[in-house]
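Enquirer: Pasting run.txt here (compact mmCIF, C-alpha atoms):
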# COMPACT_ATOMS: atom_id res chain seq x y z
CA MET A 1 -22.09 -4.62 35.92
CA ASN A 2 -22.50 -5.96 39.43
CA VAL A 3 -25.20 -4.29 41.56
CA GLU A 4 -24.78 -4.90 45.27
CA VAL A 5 -27.89 -5.10 47.42
CA THR A 6 -27.34 -4.35 51.11
CA PRO A 7 -30.07 -4.54 53.75
CA LEU A 8 -29.97 -1.53 56.08
CA PRO A 9 -31.69 -2.66 59.30
CA GLY A 10 -34.34 -0.20 60.41
CA ILE A 11 -33.81 1.94 57.28
CA GLY A 12 -34.42 -0.04 54.09
CA ILE A 13 -32.25 -1.36 51.26
CA ARG A 14 -29.18 0.07 49.52
CA LYS A 15 -28.52 -0.87 45.89
CA ASP A 16 -25.31 0.42 44.38
CA PHE A 17 -22.52 -0.31 41.91
CA GLU A 18 -18.93 0.74 41.33
CA LEU A 19 -18.10 3.35 38.71
CA SER A 20 -14.92 3.17 36.65
CA THR A 21 -13.50 5.88 38.97
CA GLY A 22 -13.84 3.61 42.00
CA ARG A 23 -16.72 5.58 43.51
CA ARG A 24 -19.99 3.83 44.20
CA ILE A 25 -23.37 5.24 43.17
CA GLY A 26 -26.80 3.95 43.99
CA VAL A 27 -30.09 4.37 45.75
CA VAL A 28 -31.41 3.78 49.23
CA THR A 29 -35.05 2.72 49.29
CA HIS A 30 -36.44 3.51 52.72
CA ARG A 31 -38.99 1.36 54.51
CA ASP A 32 -41.37 4.35 54.51
CA GLY A 33 -41.20 4.55 50.70
CA GLY A 34 -38.63 7.35 50.41
CA THR A 35 -35.73 7.19 47.97
CA ASP A 36 -32.24 8.71 48.23
CA LEU A 37 -29.66 8.95 45.46
CA ILE A 38 -26.25 8.26 47.04
CA VAL A 39 -22.64 8.78 45.96
CA SER A 40 -19.66 7.44 47.89
CA LYS A 41 -16.52 9.34 48.79
CA LYS A 42 -13.73 8.95 46.26
CA ASP A 43 -11.23 7.60 48.79
CA ASP A 44 -13.72 5.49 50.79
CA PRO A 45 -16.41 3.62 48.85
CA ASP A 46 -18.21 2.78 52.11
CA ALA A 47 -18.60 6.43 53.16
CA CYS A 48 -21.32 8.63 51.68
CA ALA A 49 -20.17 11.88 50.03
CA ALA A 50 -23.67 12.92 48.99
CA SER A 51 -27.21 11.80 49.65
CA VAL A 52 -30.04 13.44 47.72
CA PRO A 53 -33.62 12.68 48.79
CA LEU A 54 -35.92 12.27 45.80
CA THR A 55 -39.70 12.44 45.58
CA ASP A 56 -41.40 9.71 43.56
CA GLU A 57 -41.81 12.17 40.68
CA GLU A 58 -38.15 13.24 40.82
CA ALA A 59 -37.00 9.60 40.88
CA ALA A 60 -39.21 8.89 37.85
CA VAL A 61 -37.81 11.86 35.92
CA LEU A 62 -34.26 10.78 36.74
CA GLY A 63 -35.15 7.28 35.56
CA ASN A 64 -36.38 8.74 32.24
CA LEU A 65 -33.25 10.81 31.82
CA LEU A 66 -31.05 7.78 32.37
CA GLY A 67 -33.23 5.10 30.78
CA ALA A 68 -34.19 6.66 27.47
CA PRO A 69 -30.62 7.20 26.19
CA GLN A 70 -29.77 3.62 27.16
CA LEU A 71 -32.78 2.28 25.25
CA VAL A 72 -31.94 4.43 22.22
CA SER A 73 -28.31 3.29 22.36
CA GLN A 74 -29.39 -0.35 22.44
CA LEU A 75 -31.70 0.16 19.46
CA ARG A 76 -28.95 1.98 17.55
CA GLU A 77 -26.62 -0.95 18.14
CA GLU A 78 -29.26 -3.39 16.91
CA HIS A 79 -29.83 -1.31 13.75
CA ARG A 80 -26.19 -0.42 13.01
CA ASP A 81 -25.99 -2.88 10.13
CA LEU A 82 -29.19 -1.51 8.55
CA PRO A 83 -28.19 1.51 6.46
CA GLY A 84 -30.60 4.43 6.67
CA ILE A 85 -32.34 3.24 9.85
CA ASN A 86 -31.96 5.59 12.81
CA THR A 87 -33.32 5.81 16.34
CA ARG A 88 -34.14 9.03 18.15
CA GLN A 89 -35.85 10.32 21.31
CA LEU A 90 -38.74 12.66 20.60
CA PRO A 91 -40.10 14.61 23.59
CA ILE A 92 -43.66 15.69 24.22
CA THR A 93 -43.17 19.24 25.48
CA GLU A 94 -45.67 21.45 27.30
CA ASP A 95 -46.36 23.36 24.09
CA SER A 96 -46.84 20.24 21.95
CA PRO A 97 -50.25 20.12 20.27
CA PHE A 98 -50.30 16.40 21.16
CA ASP A 99 -50.04 16.82 24.94
CA GLY A 100 -53.21 15.05 26.11
CA ARG A 101 -53.96 13.46 22.74
CA THR A 102 -53.34 9.97 21.38
CA LEU A 103 -50.37 8.66 19.43
CA GLY A 104 -52.74 7.80 16.57
CA GLU A 105 -53.81 11.43 16.29
CA THR A 106 -50.26 12.35 15.30
CA ALA A 107 -50.60 10.18 12.16
CA MET A 108 -46.82 9.97 12.46
CA ARG A 109 -46.34 6.62 10.74
CA THR A 110 -48.60 7.58 7.83
CA ARG A 111 -47.06 11.04 7.44
CA THR A 112 -43.37 10.16 7.95
CA GLY A 113 -42.92 6.37 7.93
CA VAL A 114 -41.54 6.60 11.48
CA SER A 115 -42.48 3.96 14.04
CA VAL A 116 -42.72 4.69 17.75
CA VAL A 117 -41.27 1.59 19.41
CA ALA A 118 -41.59 2.73 23.03
CA VAL A 119 -42.65 5.60 25.26
CA MET A 120 -40.70 6.50 28.39
CA ARG A 121 -42.85 8.05 31.10
CA ALA A 122 -42.04 8.68 34.74
CA GLY A 123 -39.38 5.97 34.84
CA GLN A 124 -41.58 3.41 33.07
CA VAL A 125 -41.10 2.02 29.58
CA TYR A 126 -44.23 1.38 27.51
CA PRO A 127 -43.10 -0.82 24.61
CA SER A 128 -44.96 -0.88 21.29
CA PRO A 129 -47.63 1.68 22.21
CA ASN A 130 -50.99 1.35 20.43
CA PRO A 131 -52.53 4.24 18.45
CA ASP A 132 -54.86 4.91 21.40
CA PHE A 133 -51.91 5.49 23.78
CA ASN A 134 -52.43 8.91 25.41
CA LEU A 135 -49.43 11.21 25.21
CA THR A 136 -48.58 13.63 27.97
CA GLU A 137 -46.01 16.35 28.62
CA GLY A 138 -42.70 14.82 29.65
CA ASP A 139 -43.09 11.65 27.59
CA LEU A 140 -40.10 10.61 25.52
CA LEU A 141 -41.06 8.72 22.39
CA VAL A 142 -38.42 6.31 21.13
CA ALA A 143 -38.80 6.32 17.37
CA VAL A 144 -37.19 4.43 14.50
CA GLY A 145 -37.03 5.61 10.90
CA THR A 146 -34.99 7.47 8.33
CA SER A 147 -33.27 10.73 9.23
CA ASP A 148 -35.76 12.70 7.15
CA GLY A 149 -38.67 10.82 8.68
CA LEU A 150 -37.42 11.46 12.21
CA ASP A 151 -36.96 15.16 11.43
CA GLY A 152 -40.55 15.22 10.14
CA ALA A 153 -41.80 13.39 13.23
CA ALA A 154 -40.11 15.94 15.51
CA LYS A 155 -41.80 18.77 13.59
CA ILE A 156 -45.19 17.07 13.87
CA LEU A 157 -44.84 16.71 17.64
CA HIS A 158 -43.80 20.34 17.99
CA HIS A 159 -46.04 22.06 15.43
CA GLY A 160 -48.83 19.60 14.64
Can the structure in the file be given as structure tokens, please?
Expert:
Amino acid sequence: MNVEVTPLPGIGIRKDFELSTGRRIGVVTHRDGGTDLIVSKKDDPDACAASVPLTDEEAAVLGNLLGAPQLVSQLREEHRDLPGINTRQLPITEDSPFDGRTLGETAMRTRTGVSVVAVMRAGQVYPSPNPDFNLTEGDLLVAVGTSDGLDGAAKILHHG
């Protein structure tokens, strides 16, 4: 997919791409550090139909929402010829007993055979996290294992 980068003098930089519908979607990164999500008009890809200002935290959450499924999809594709191997996103919720604790404290691999291959946090990907990686509410763990193992891992993260 082709991402177009357009300098906006006095404003910042626009980065966008064309959807299959012909609309364009992207972001404007302002010189002052602000970020806007933008969507073009359907009949005029150069005209803005919507512009949504995002805080850094909101942009990071949106990045997680969009990035984690893409990472999981890529891992699924890579494992499609390996019967019994699955990939799943496992969230750390506010009521998780592991919010504020380390990945190693879950003993997930020992208890279920599941491997955490990445953690998505605030728009960042942390590949191959170590056992001392601190988990926090909002993290999405990208895990690989059997269906039963992944079910067990989800229960561990929710109930302990």
Enquirer: Quick one: pull the distance between atom CA of Asp81 of chain A and atom CA of Pro127 of chain A, Å, one decimal.
Expert: 22.5 Å
Enquirer: One decimal, in Å: what's the spacing between atom CA of Asp132 of chain A and atom CA of Asn86 of chain A?
Expert: 24.5 Å
Enquirer: So which residues touch Asp148 of chain A within 10 Å, counting only C-alpha atoms, skipping near sequence neighbours fewer than 3 positions away, as a PDB file with C-alpha atoms, in the frame of the given file?
Expert:
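This went into result.pdb:
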ATOM      1  CA  GLY A  84     -30.600   4.430   6.670  1.00  0.00           C
ATOM      2  CA  ASN A  86     -31.960   5.590  12.810  1.00  0.00           C
ATOM      3  CA  THR A 112     -43.370  10.160   7.950  1.00  0.00           C
ATOM      4  CA  GLY A 113     -42.920   6.370   7.930  1.00  0.00           C
ATOM      5  CA  VAL A 114     -41.540   6.600  11.480  1.00  0.00           C
ATOM      6  CA  GLY A 145     -37.030   5.610  10.900  1.00  0.00           C
ATOM      7  CA  ASP A 151     -36.960  15.160  11.430  1.00  0.00           C
ATOM      8  CA  GLY A 152     -40.550  15.220  10.140  1.00  0.00           C
ATOM      9  CA  ALA A 153     -41.800  13.390  13.230  1.00  0.00           C
ATOM     10  CA  ALA A 154     -40.110  15.940  15.510  1.00  0.00           C
TER      11      ALA A 154
END
Enquirer: So that I can see what lies close to Thr93 of chain A, please list as a tab-separated table (two decimals) with C-alpha atoms, in the coordinates of the input the residues with an atom at most 10 Å from it, counting all atoms listed in the file and leaving out residues fewer than 2 positions away in the same chain.
Expert:
chain	number	residue	atom	x	y	z
A	90	LEU	CA	-38.74	12.66	20.60
A	91	PRO	CA	-40.10	14.61	23.59
A	95	ASP	CA	-46.36	23.36	24.09
A	96	SER	CA	-46.84	20.24	21.95
A	97	PRO	CA	-50.25	20.12	20.27
A	98	PHE	CA	-50.30	16.40	21.16
A	99	ASP	CA	-50.04	16.82	24.94
A	136	THR	CA	-48.58	13.63	27.97
A	137	GLU	CA	-46.01	16.35	28.62
A	138	GLY	CA	-42.70	14.82	29.65
A	139	ASP	CA	-43.09	11.65	27.59
A	140	LEU	CA	-40.10	10.61	25.52
A	157	LEU	CA	-44.84	16.71	17.64
A	158	HIS	CA	-43.80	20.34	17.99
Enquirer: Can you sort out the box for segment 44-56 of chain A, edges along x, y and z, all listed atoms in, 8 Å on every side, with centre and edge lengths in Å to one decimal, as AutoDock Vina command-line options?
Expert:
--center_x -27.6 --center_y 8.1 --center_z 48.4 --size_x 43.7 --size_y 26.7 --size_z 25.6
Enquirer: Kindly provide, as a list in words, the polymer residues lying within 12 Å of (-33.1, -2.5, 58.3), counting all atoms listed in the file and using the coordinates exactly as they appear in the file.
Expert: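 Collected hits near the coordinates: Thr6, Pro7, Leu8, Pro9, Gly10, Ile11, Gly12, Ile13, Arg14, Val28, Thr29, His30, Arg31 and Asp32 of chain A.
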Enquirer: Kindly export the residues of the current selection with C-alpha atoms, as a CSV table (one decimal), in the coordinates of the input.
Expert:
chain,number,residue,atom,x,y,z
A,6,THR,CA,-27.3,-4.4,51.1
A,7,PRO,CA,-30.1,-4.5,53.8
A,8,LEU,CA,-30.0,-1.5,56.1
A,9,PRO,CA,-31.7,-2.7,59.3
A,10,GLY,CA,-34.3,-0.2,60.4
A,11,ILE,CA,-33.8,1.9,57.3
A,12,GLY,CA,-34.4,0.0,54.1
A,13,ILE,CA,-32.2,-1.4,51.3
A,14,ARG,CA,-29.2,0.1,49.5
A,28,VAL,CA,-31.4,3.8,49.2
A,29,THR,CA,-35.0,2.7,49.3
A,30,HIS,CA,-36.4,3.5,52.7
A,31,ARG,CA,-39.0,1.4,54.5
A,32,ASP,CA,-41.4,4.4,54.5
Enquirer: With distances taken over only C-alpha atoms, which of A:Leu62, A:Glu94, A:Ser115, A:Val3 is nearest to Leu135 of chain A?
Expert: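 So, comparing all the options, the nearest one is A:Glu94.
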Enquirer: Skip Ile25 of chain A itself and residues of its chain fewer than 2 positions away, then list as a VMD selection string all residues within 6 Å of it, counting only C-alpha atoms.
Expert: chain A and resid 16 to 17 38 to 39
Enquirer: Please save C-alpha atoms of the selected residues as a CSV table (one decimal), in the frame of the given file.
Expert:
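Everything below was put into out.csv:
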chain,number,residue,atom,x,y,z
A,16,ASP,CA,-25.3,0.4,44.4
A,17,PHE,CA,-22.5,-0.3,41.9
A,38,ILE,CA,-26.2,8.3,47.0
A,39,VAL,CA,-22.6,8.8,46.0
Enquirer: Looking at all atoms listed in the file, which of A:Gly160, A:Gly22, A:Leu82, A:Leu150 is the one that sits closest to Ala107 of chain A?
Expert: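 Closest candidate: A:Gly160.
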Enquirer: How far is it from atom CA of Glu105 of chain A to atom CA of Ile156 of chain A, in Å with one decimal?
Expert: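 Spanning atom CA of Glu105 of chain A to atom CA of Ile156 of chain A is a straight-line distance of 10.6 Å.
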Enquirer: If we count all atoms listed in the file, what is near Glu57 of chain A at a cut-off of 12 Å, once residues fewer than 4 positions away on the same chain are taken out, given as a list of chain:residue names?
Expert: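 Using all atoms listed in the file, the neighbours found are A:Gly34, A:Thr35, A:Pro53, A:Val61, A:Leu62, A:Gly63, A:Asn64, A:Arg121, A:Ala122, A:Gly123, A:Gln124, A:Gly138.
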Enquirer: Measuring atom to atom with all atoms listed in the file, identify which of A:Arg111, A:Tyr126, A:Gly100, A:Thr87 is nearest to Ala143 of chain A.
Expert: A:Thr87
